[in-house]
file coords00.txt (compact mmCIF, N, CA and C atoms)
# COMPACT_ATOMS: atom_id res chain seq x y z
N MET A 1 -8.04 20.64 -1.19
CA MET A 1 -6.60 20.46 -1.17
C MET A 1 -6.21 19.10 -1.74
N ALA A 2 -7.01 18.09 -1.46
CA ALA A 2 -6.67 16.75 -1.93
C ALA A 2 -6.66 16.68 -3.45
N VAL A 3 -7.60 17.37 -4.10
CA VAL A 3 -7.62 17.37 -5.56
C VAL A 3 -6.36 18.02 -6.09
N ALA A 4 -5.93 19.08 -5.43
CA ALA A 4 -4.69 19.72 -5.84
C ALA A 4 -3.52 18.76 -5.75
N LEU A 5 -3.49 17.94 -4.71
CA LEU A 5 -2.44 16.94 -4.58
C LEU A 5 -2.48 15.96 -5.73
N LEU A 6 -3.69 15.58 -6.14
CA LEU A 6 -3.84 14.57 -7.17
C LEU A 6 -3.49 15.08 -8.56
N LEU A 7 -3.88 16.30 -8.86
CA LEU A 7 -3.79 16.78 -10.23
C LEU A 7 -2.65 17.75 -10.50
N SER A 8 -1.97 18.19 -9.47
CA SER A 8 -0.90 19.16 -9.68
C SER A 8 0.39 18.47 -10.07
N SER A 9 1.37 19.28 -10.34
CA SER A 9 2.67 18.73 -10.72
C SER A 9 3.60 18.68 -9.53
N PHE A 10 3.09 18.27 -8.39
CA PHE A 10 3.91 18.17 -7.19
C PHE A 10 5.12 17.27 -7.38
N THR A 11 5.01 16.29 -8.25
CA THR A 11 6.13 15.38 -8.42
C THR A 11 7.37 16.11 -8.89
N LEU A 12 7.20 17.26 -9.50
CA LEU A 12 8.37 18.04 -9.90
C LEU A 12 9.11 18.56 -8.68
N MET A 13 8.40 18.72 -7.57
CA MET A 13 9.00 19.24 -6.35
C MET A 13 9.18 18.14 -5.31
N ALA A 14 9.05 16.92 -5.73
CA ALA A 14 9.11 15.80 -4.78
C ALA A 14 10.52 15.58 -4.26
N ASN A 15 10.60 15.21 -3.01
CA ASN A 15 11.86 14.87 -2.37
C ASN A 15 11.82 13.38 -2.09
N ASP A 16 12.55 12.59 -2.89
CA ASP A 16 12.57 11.14 -2.70
C ASP A 16 13.27 10.78 -1.40
N ASN A 17 12.78 9.72 -0.78
CA ASN A 17 13.34 9.19 0.46
C ASN A 17 13.51 10.26 1.54
N PRO A 18 12.44 10.99 1.83
CA PRO A 18 12.55 12.03 2.85
C PRO A 18 12.53 11.43 4.25
N ARG A 19 12.89 12.23 5.20
CA ARG A 19 12.74 11.82 6.60
C ARG A 19 11.26 12.00 6.94
N VAL A 20 10.60 10.90 7.30
CA VAL A 20 9.17 10.93 7.58
C VAL A 20 8.97 11.11 9.08
N ASP A 21 8.18 12.11 9.45
CA ASP A 21 7.89 12.39 10.85
C ASP A 21 7.22 11.18 11.49
N GLN A 22 7.52 10.95 12.76
CA GLN A 22 6.98 9.79 13.48
C GLN A 22 5.45 9.80 13.51
N LYS A 23 4.83 11.00 13.62
CA LYS A 23 3.36 11.08 13.61
C LYS A 23 2.79 10.53 12.30
N VAL A 24 3.45 10.87 11.20
CA VAL A 24 3.00 10.42 9.88
C VAL A 24 3.20 8.91 9.76
N GLU A 25 4.35 8.45 10.17
CA GLU A 25 4.66 7.02 10.11
C GLU A 25 3.67 6.20 10.95
N ASN A 26 3.37 6.68 12.16
CA ASN A 26 2.42 5.97 13.02
C ASN A 26 1.01 5.95 12.42
N ALA A 27 0.59 7.08 11.86
CA ALA A 27 -0.74 7.15 11.23
C ALA A 27 -0.82 6.19 10.05
N PHE A 28 0.26 6.13 9.27
CA PHE A 28 0.29 5.21 8.13
C PHE A 28 0.17 3.76 8.60
N LYS A 29 0.97 3.40 9.59
CA LYS A 29 0.97 2.01 10.09
C LYS A 29 -0.39 1.63 10.69
N LYS A 30 -1.05 2.59 11.33
CA LYS A 30 -2.37 2.32 11.90
C LYS A 30 -3.41 2.12 10.80
N GLU A 31 -3.37 2.96 9.79
CA GLU A 31 -4.36 2.91 8.70
C GLU A 31 -4.11 1.74 7.75
N PHE A 32 -2.85 1.43 7.49
CA PHE A 32 -2.51 0.42 6.48
C PHE A 32 -1.60 -0.65 7.07
N ALA A 33 -2.00 -1.23 8.18
CA ALA A 33 -1.21 -2.28 8.82
C ALA A 33 -0.99 -3.43 7.84
N GLY A 34 0.24 -3.85 7.71
CA GLY A 34 0.57 -4.93 6.79
C GLY A 34 0.97 -4.46 5.40
N ALA A 35 1.02 -3.15 5.18
CA ALA A 35 1.43 -2.62 3.87
C ALA A 35 2.87 -3.04 3.58
N GLU A 36 3.16 -3.27 2.30
CA GLU A 36 4.50 -3.69 1.89
C GLU A 36 5.05 -2.75 0.83
N TYR A 37 6.37 -2.78 0.69
CA TYR A 37 7.08 -2.02 -0.34
C TYR A 37 6.69 -0.55 -0.30
N VAL A 38 6.81 0.06 0.86
CA VAL A 38 6.42 1.45 1.06
C VAL A 38 7.53 2.37 0.58
N HIS A 39 7.16 3.35 -0.23
CA HIS A 39 8.09 4.37 -0.71
C HIS A 39 7.49 5.73 -0.37
N TRP A 40 8.27 6.57 0.29
CA TRP A 40 7.80 7.89 0.71
C TRP A 40 8.38 8.98 -0.17
N GLU A 41 7.58 10.03 -0.38
CA GLU A 41 8.03 11.26 -1.02
C GLU A 41 7.45 12.43 -0.25
N LYS A 42 8.19 13.53 -0.22
CA LYS A 42 7.72 14.76 0.42
C LYS A 42 7.24 15.68 -0.68
N LEU A 43 6.00 16.13 -0.59
CA LEU A 43 5.39 17.00 -1.58
C LEU A 43 4.93 18.29 -0.91
N ASN A 44 5.73 19.32 -0.98
CA ASN A 44 5.39 20.59 -0.32
C ASN A 44 5.00 20.34 1.13
N ASP A 45 3.71 20.48 1.47
CA ASP A 45 3.25 20.34 2.85
C ASP A 45 2.62 18.99 3.14
N ALA A 46 2.93 17.99 2.35
CA ALA A 46 2.32 16.66 2.54
C ALA A 46 3.34 15.57 2.26
N PHE A 47 3.02 14.38 2.73
CA PHE A 47 3.82 13.19 2.44
C PHE A 47 2.99 12.26 1.57
N GLN A 48 3.65 11.66 0.60
CA GLN A 48 3.01 10.68 -0.27
C GLN A 48 3.65 9.33 -0.03
N ALA A 49 2.82 8.34 0.28
CA ALA A 49 3.29 6.96 0.45
C ALA A 49 2.73 6.13 -0.70
N THR A 50 3.60 5.45 -1.42
CA THR A 50 3.19 4.52 -2.47
C THR A 50 3.53 3.13 -1.95
N PHE A 51 2.56 2.20 -2.03
CA PHE A 51 2.76 0.92 -1.36
C PHE A 51 1.80 -0.14 -1.89
N ASN A 52 2.07 -1.37 -1.52
CA ASN A 52 1.17 -2.49 -1.80
C ASN A 52 0.37 -2.78 -0.55
N PHE A 53 -0.94 -2.98 -0.74
CA PHE A 53 -1.82 -3.26 0.39
C PHE A 53 -2.97 -4.14 -0.08
N MET A 54 -3.08 -5.30 0.52
CA MET A 54 -4.14 -6.25 0.20
C MET A 54 -4.20 -6.54 -1.31
N GLY A 55 -3.03 -6.74 -1.90
CA GLY A 55 -2.95 -7.11 -3.30
C GLY A 55 -3.12 -5.98 -4.29
N GLN A 56 -3.14 -4.74 -3.82
CA GLN A 56 -3.30 -3.60 -4.71
C GLN A 56 -2.19 -2.58 -4.47
N ARG A 57 -1.91 -1.81 -5.50
CA ARG A 57 -0.94 -0.72 -5.39
C ARG A 57 -1.73 0.54 -5.07
N LEU A 58 -1.39 1.19 -3.96
CA LEU A 58 -2.10 2.39 -3.51
C LEU A 58 -1.14 3.54 -3.33
N ILE A 59 -1.70 4.74 -3.33
CA ILE A 59 -0.97 5.95 -2.96
C ILE A 59 -1.82 6.65 -1.91
N ALA A 60 -1.19 7.01 -0.80
CA ALA A 60 -1.88 7.74 0.26
C ALA A 60 -1.13 9.04 0.52
N TYR A 61 -1.90 10.08 0.80
CA TYR A 61 -1.34 11.39 1.09
C TYR A 61 -1.66 11.74 2.54
N PHE A 62 -0.63 12.17 3.26
CA PHE A 62 -0.76 12.53 4.67
C PHE A 62 -0.28 13.96 4.88
N SER A 63 -0.96 14.69 5.77
CA SER A 63 -0.47 16.00 6.17
C SER A 63 0.76 15.81 7.05
N GLU A 64 1.47 16.89 7.30
CA GLU A 64 2.64 16.82 8.18
C GLU A 64 2.25 16.47 9.61
N ASP A 65 0.97 16.64 9.96
CA ASP A 65 0.47 16.30 11.29
C ASP A 65 0.01 14.84 11.38
N GLY A 66 0.09 14.11 10.27
CA GLY A 66 -0.30 12.71 10.29
C GLY A 66 -1.74 12.44 9.91
N ASP A 67 -2.45 13.45 9.42
CA ASP A 67 -3.83 13.25 8.98
C ASP A 67 -3.85 12.67 7.58
N LEU A 68 -4.65 11.63 7.38
CA LEU A 68 -4.81 11.05 6.05
C LEU A 68 -5.65 12.01 5.22
N LEU A 69 -5.08 12.51 4.12
CA LEU A 69 -5.77 13.47 3.26
C LEU A 69 -6.56 12.77 2.15
N SER A 70 -5.94 11.79 1.52
CA SER A 70 -6.62 11.09 0.43
C SER A 70 -5.86 9.81 0.09
N THR A 71 -6.56 8.94 -0.60
CA THR A 71 -5.94 7.74 -1.16
C THR A 71 -6.33 7.64 -2.62
N THR A 72 -5.45 7.05 -3.41
CA THR A 72 -5.74 6.83 -4.82
C THR A 72 -5.29 5.43 -5.21
N ARG A 73 -5.94 4.92 -6.23
CA ARG A 73 -5.54 3.65 -6.82
C ARG A 73 -6.08 3.63 -8.24
N PHE A 74 -5.49 2.79 -9.06
CA PHE A 74 -6.00 2.60 -10.41
C PHE A 74 -6.93 1.40 -10.42
N ILE A 75 -8.05 1.57 -11.11
CA ILE A 75 -9.00 0.49 -11.32
C ILE A 75 -9.26 0.39 -12.82
N TYR A 76 -9.92 -0.67 -13.23
CA TYR A 76 -10.32 -0.81 -14.62
C TYR A 76 -11.66 -0.11 -14.84
N SER A 77 -11.86 0.39 -16.04
CA SER A 77 -13.11 1.10 -16.34
C SER A 77 -14.33 0.21 -16.14
N ASN A 78 -14.18 -1.10 -16.28
CA ASN A 78 -15.33 -1.98 -16.06
C ASN A 78 -15.64 -2.17 -14.57
N GLN A 79 -14.86 -1.54 -13.69
CA GLN A 79 -15.12 -1.58 -12.25
C GLN A 79 -15.81 -0.31 -11.75
N LEU A 80 -16.11 0.60 -12.68
CA LEU A 80 -16.79 1.83 -12.30
C LEU A 80 -18.20 1.53 -11.82
N PRO A 81 -18.75 2.38 -10.94
CA PRO A 81 -20.14 2.19 -10.53
C PRO A 81 -21.09 2.25 -11.74
N TYR A 82 -22.17 1.51 -11.64
CA TYR A 82 -23.13 1.42 -12.74
C TYR A 82 -23.60 2.79 -13.21
N LYS A 83 -23.89 3.70 -12.29
CA LYS A 83 -24.39 5.03 -12.67
C LYS A 83 -23.36 5.80 -13.50
N VAL A 84 -22.10 5.62 -13.20
CA VAL A 84 -21.05 6.29 -13.97
C VAL A 84 -20.97 5.68 -15.37
N VAL A 85 -21.02 4.35 -15.44
CA VAL A 85 -20.97 3.67 -16.74
C VAL A 85 -22.15 4.11 -17.60
N ARG A 86 -23.33 4.16 -17.02
CA ARG A 86 -24.53 4.57 -17.77
C ARG A 86 -24.38 6.00 -18.29
N GLU A 87 -23.88 6.90 -17.46
CA GLU A 87 -23.70 8.29 -17.87
C GLU A 87 -22.64 8.40 -18.97
N LEU A 88 -21.56 7.63 -18.86
CA LEU A 88 -20.54 7.60 -19.92
C LEU A 88 -21.15 7.14 -21.24
N GLN A 89 -21.97 6.11 -21.19
CA GLN A 89 -22.60 5.59 -22.40
C GLN A 89 -23.54 6.62 -23.03
N GLU A 90 -24.24 7.40 -22.20
CA GLU A 90 -25.15 8.41 -22.72
C GLU A 90 -24.42 9.61 -23.30
N LYS A 91 -23.42 10.12 -22.60
CA LYS A 91 -22.74 11.35 -23.01
C LYS A 91 -21.57 11.13 -23.95
N TYR A 92 -20.92 9.98 -23.88
CA TYR A 92 -19.70 9.74 -24.65
C TYR A 92 -19.78 8.40 -25.38
N SER A 93 -20.91 8.13 -26.01
CA SER A 93 -21.13 6.81 -26.64
C SER A 93 -20.16 6.54 -27.78
N SER A 94 -19.72 7.58 -28.48
CA SER A 94 -18.80 7.37 -29.60
C SER A 94 -17.33 7.47 -29.19
N ALA A 95 -17.08 7.76 -27.93
CA ALA A 95 -15.70 7.96 -27.45
C ALA A 95 -15.07 6.64 -27.04
N GLU A 96 -13.74 6.63 -27.11
CA GLU A 96 -12.95 5.49 -26.64
C GLU A 96 -12.54 5.76 -25.19
N VAL A 97 -12.98 4.91 -24.28
CA VAL A 97 -12.69 5.08 -22.85
C VAL A 97 -11.40 4.33 -22.51
N ASN A 98 -10.46 5.05 -21.91
CA ASN A 98 -9.22 4.42 -21.46
C ASN A 98 -9.58 3.40 -20.38
N PRO A 99 -9.06 2.17 -20.48
CA PRO A 99 -9.43 1.14 -19.49
C PRO A 99 -8.87 1.40 -18.09
N SER A 100 -7.89 2.28 -17.95
CA SER A 100 -7.30 2.57 -16.65
C SER A 100 -7.91 3.85 -16.08
N VAL A 101 -8.50 3.76 -14.89
CA VAL A 101 -9.20 4.87 -14.25
C VAL A 101 -8.56 5.12 -12.89
N LEU A 102 -8.37 6.39 -12.55
CA LEU A 102 -7.85 6.74 -11.24
C LEU A 102 -9.02 6.95 -10.29
N GLU A 103 -9.04 6.17 -9.22
CA GLU A 103 -10.06 6.32 -8.17
C GLU A 103 -9.42 7.06 -7.01
N ALA A 104 -10.05 8.13 -6.56
CA ALA A 104 -9.51 8.93 -5.46
C ALA A 104 -10.56 9.07 -4.37
N VAL A 105 -10.12 8.92 -3.13
CA VAL A 105 -11.01 9.08 -1.99
C VAL A 105 -10.45 10.22 -1.13
N TYR A 106 -11.27 11.25 -0.92
CA TYR A 106 -10.89 12.35 -0.04
C TYR A 106 -12.16 12.98 0.52
N ASP A 107 -12.06 13.51 1.71
CA ASP A 107 -13.23 14.10 2.38
C ASP A 107 -14.44 13.18 2.34
N SER A 108 -14.24 11.89 2.53
CA SER A 108 -15.31 10.87 2.53
C SER A 108 -16.05 10.78 1.21
N GLU A 109 -15.46 11.26 0.14
CA GLU A 109 -16.08 11.18 -1.18
C GLU A 109 -15.16 10.40 -2.11
N THR A 110 -15.74 9.57 -2.95
CA THR A 110 -14.98 8.83 -3.96
C THR A 110 -15.25 9.45 -5.31
N VAL A 111 -14.18 9.79 -6.02
CA VAL A 111 -14.31 10.32 -7.38
C VAL A 111 -13.43 9.50 -8.30
N TYR A 112 -13.76 9.57 -9.58
CA TYR A 112 -13.07 8.79 -10.60
C TYR A 112 -12.61 9.75 -11.69
N PHE A 113 -11.34 9.61 -12.10
CA PHE A 113 -10.79 10.39 -13.19
C PHE A 113 -10.64 9.46 -14.39
N ILE A 114 -11.40 9.76 -15.44
CA ILE A 114 -11.53 8.88 -16.60
C ILE A 114 -11.06 9.64 -17.83
N THR A 115 -10.21 9.02 -18.63
CA THR A 115 -9.76 9.64 -19.87
C THR A 115 -10.52 9.02 -21.03
N VAL A 116 -11.09 9.89 -21.87
CA VAL A 116 -11.79 9.42 -23.07
C VAL A 116 -11.27 10.19 -24.28
N LYS A 117 -11.22 9.50 -25.42
CA LYS A 117 -10.83 10.12 -26.69
C LYS A 117 -12.04 10.09 -27.60
N ASP A 118 -12.33 11.25 -28.18
CA ASP A 118 -13.45 11.37 -29.10
C ASP A 118 -12.97 12.17 -30.31
N GLY A 119 -12.68 11.46 -31.38
CA GLY A 119 -12.14 12.13 -32.56
C GLY A 119 -10.78 12.72 -32.28
N HIS A 120 -10.67 14.03 -32.48
CA HIS A 120 -9.40 14.72 -32.26
C HIS A 120 -9.34 15.41 -30.90
N LYS A 121 -10.18 14.98 -29.98
CA LYS A 121 -10.20 15.57 -28.64
C LYS A 121 -10.02 14.48 -27.59
N GLU A 122 -9.33 14.86 -26.52
CA GLU A 122 -9.17 13.97 -25.37
C GLU A 122 -9.68 14.71 -24.14
N TYR A 123 -10.49 14.03 -23.35
CA TYR A 123 -11.09 14.63 -22.17
C TYR A 123 -10.64 13.88 -20.92
N LEU A 124 -10.35 14.62 -19.87
CA LEU A 124 -10.17 14.04 -18.55
C LEU A 124 -11.46 14.36 -17.81
N LEU A 125 -12.22 13.31 -17.51
CA LEU A 125 -13.51 13.48 -16.86
C LEU A 125 -13.39 13.17 -15.37
N LYS A 126 -14.17 13.89 -14.59
CA LYS A 126 -14.25 13.64 -13.15
C LYS A 126 -15.68 13.19 -12.87
N ALA A 127 -15.82 12.02 -12.29
CA ALA A 127 -17.15 11.47 -11.99
C ALA A 127 -17.24 11.12 -10.52
N ASN A 128 -18.44 11.28 -9.97
CA ASN A 128 -18.64 10.79 -8.60
C ASN A 128 -19.49 9.53 -8.65
N SER A 129 -19.63 8.87 -7.53
CA SER A 129 -20.30 7.57 -7.53
C SER A 129 -21.79 7.64 -7.85
N SER A 130 -22.38 8.84 -7.79
CA SER A 130 -23.79 8.97 -8.14
C SER A 130 -23.99 9.15 -9.65
N GLY A 131 -22.89 9.22 -10.41
CA GLY A 131 -22.99 9.29 -11.86
C GLY A 131 -22.79 10.67 -12.44
N SER A 132 -22.62 11.67 -11.63
CA SER A 132 -22.38 13.02 -12.12
C SER A 132 -20.99 13.10 -12.75
N ILE A 133 -20.92 13.59 -13.99
CA ILE A 133 -19.65 13.68 -14.71
C ILE A 133 -19.41 15.12 -15.14
N SER A 134 -18.19 15.60 -14.93
CA SER A 134 -17.79 16.92 -15.41
C SER A 134 -16.45 16.79 -16.12
N VAL A 135 -16.15 17.76 -16.97
CA VAL A 135 -14.88 17.78 -17.69
C VAL A 135 -13.86 18.50 -16.83
N ALA A 136 -12.82 17.79 -16.41
CA ALA A 136 -11.75 18.37 -15.61
C ALA A 136 -10.70 19.03 -16.49
N ASN A 137 -10.52 18.47 -17.70
CA ASN A 137 -9.53 19.00 -18.64
C ASN A 137 -9.85 18.47 -20.02
N LYS A 138 -9.50 19.23 -21.03
CA LYS A 138 -9.64 18.73 -22.40
C LYS A 138 -8.51 19.27 -23.24
N LYS A 139 -8.13 18.48 -24.25
CA LYS A 139 -7.08 18.93 -25.15
C LYS A 139 -7.34 18.40 -26.54
N ARG A 140 -6.80 19.11 -27.49
CA ARG A 140 -6.93 18.72 -28.88
C ARG A 140 -5.76 17.83 -29.24
N LEU A 141 -6.06 16.73 -29.92
CA LEU A 141 -5.02 15.80 -30.37
C LEU A 141 -4.64 16.14 -31.80
N ASN A 142 -3.41 15.89 -32.16
CA ASN A 142 -2.94 16.17 -33.53
C ASN A 142 -3.43 15.15 -34.51
call {"tool": "encode", "arguments": {"input": "coords00.txt", "output": "structure tokens"}}
result
Amino acid sequence: MAVALLLSSFTLMANDNPRVDQKVENAFKKEFAGAEYVHWEKLNDAFQATFNFMGQRLIAYFSEDGDLLSTTRFIYSNQLPYKVVRELQEKYSSAEVNPSVLEAVYDSETVYFITVKDGHKEYLLKANSSGSISVANKKRLN
């Protein structure tokens, strides 16, 4: 479900400035005490909080019951785990790697969504911290 939250077009159905249930608000404050500039959106059956925390911009997704579903943040490609970098170099050595990478944590697993351009093709890659890379999406560029 968390991947669906990350990759779907929920923002088209987003309700800005929704009324946030107290359970969700309490869970957020417990998990991210000291967070600043919090903005909430309602996405179907989940709440999305975008905020600053410890010098970083984060997005957290909570169920309506207050369970933390996932967190995301952008990192630089040079911050990827070594195994992911090595696998990128082996499989996509001629490709241009976008320096901005989405890091997502859900179900106690960290995954990275990396965009690479290779000739007239663009790939959205999904990598885990052990270096396994799969193609999540690809498109032809004009």
call {"tool": "closest_residue", "arguments": {"input": "coords00.txt", "among": "A:Ala35, A:Val135, A:Leu68, A:Val116", "to": "Asn52 (chain A)", "atoms": "only N, CA and C atoms"}}
result
A:Ala35
call {"tool": "residues_around", "arguments": {"input": "coords00.txt", "residues": "Gly34 (chain A)", "least_positions_apart": "2", "cutoff": "9 Å", "atoms": "only C-alpha atoms", "output": "PyMOL selection string"}}
result
chain A and resi 29+32+36+52-54
call {"tool": "closest_residue", "arguments": {"input": "coords00.txt", "among": "A:Lys138, A:Lys83, A:Lys126, A:Arg19", "to": "Glu41 (chain A)", "atoms": "only C-alpha atoms"}}
result
A:Arg19
call {"tool": "atom_distance", "arguments": {"input": "coords00.txt", "atom1": "atom C of Glu109 (chain A)", "atom2": "atom N of Val24 (chain A)"}}
result
22.9 Å
call {"tool": "atom_distance", "arguments": {"input": "coords00.txt", "atom1": "CA of Ile75 (chain A)", "atom2": "CA of Leu88 (chain A)"}}
result
16.1 Å
call {"tool": "select_by_dssp", "arguments": {"input": "coords00.txt", "residues": "region 69-115 of chain A", "states": "strand (DSSP E or B)", "output": "PyMOL selection string"}}
result
chain A and resi 69-76+96-97+100-106+109-115
call {"tool": "residues_around", "arguments": {"input": "coords00.txt", "residues": "Thr115 (chain A)", "least_positions_apart": "3", "cutoff": "5 Å", "atoms": "all atoms listed in the file", "output": "PyMOL selection string"}}
result
chain A and resi 97-98+123-125
call {"tool": "closest_residue", "arguments": {"input": "coords00.txt", "among": "A:Gln89, A:Arg73, A:Ser130, A:Gln79", "to": "Glu103 (chain A)", "atoms": "all atoms listed in the file"}}
result
A:Arg73
call {"tool": "atom_distance", "arguments": {"input": "coords00.txt", "atom1": "CA of Val111 (chain A)", "atom2": "CA of Pro99 (chain A)"}}
result
16.0 Å
call {"tool": "closest_residue", "arguments": {"input": "coords00.txt", "among": "A:Ile133, A:Ala127, A:Ile114, A:Val105", "to": "Leu69 (chain A)", "atoms": "only C-alpha atoms"}}
result
A:Val105
call {"tool": "select_by_dssp", "arguments": {"input": "coords00.txt", "residues": "region 2-142 of chain A", "states": "alpha helix (DSSP H)", "output": "MDAnalysis selection string"}}
result
chainID A and resid 2:7 22:31 82:91
call {"tool": "residues_around", "arguments": {"input": "coords00.txt", "residues": "Val20 (chain A)", "least_positions_apart": "4", "cutoff": "12 Å", "atoms": "only C-alpha atoms", "output": "list in words"}}
result
Asn15, Asp16, Val24, Glu25, Asn26, Ala27, Phe28, Val38, His39, Trp40, Glu41, Lys42, Leu43, Ala46, Phe47, Gln48, Ala49, Phe62, Ser63, Glu64, Asp65 and Gly66 of chain A
call {"tool": "residues_around", "arguments": {"input": "coords00.txt", "residues": "Lys139 (chain A)", "least_positions_apart": "2", "cutoff": "8 Å", "atoms": "all atoms listed in the file", "output": "list in words"}}
result
His120, Lys121, Glu122, Tyr123, Leu124, Asn137, Leu141 and Asn142 of chain A
call {"tool": "closest_residue", "arguments": {"input": "coords00.txt", "among": "A:Glu31, A:Ser129, A:Ala136, A:Pro18", "to": "Pro81 (chain A)", "atoms": "all atoms listed in the file"}}
result
A:Ser129
call {"tool": "residues_around", "arguments": {"input": "coords00.txt", "residues": "Asp118 (chain A)", "least_positions_apart": "6", "cutoff": "7 Å", "atoms": "only C-alpha atoms", "output": "list in words"}}
result
Ser94, Ala95 and Glu96 of chain A
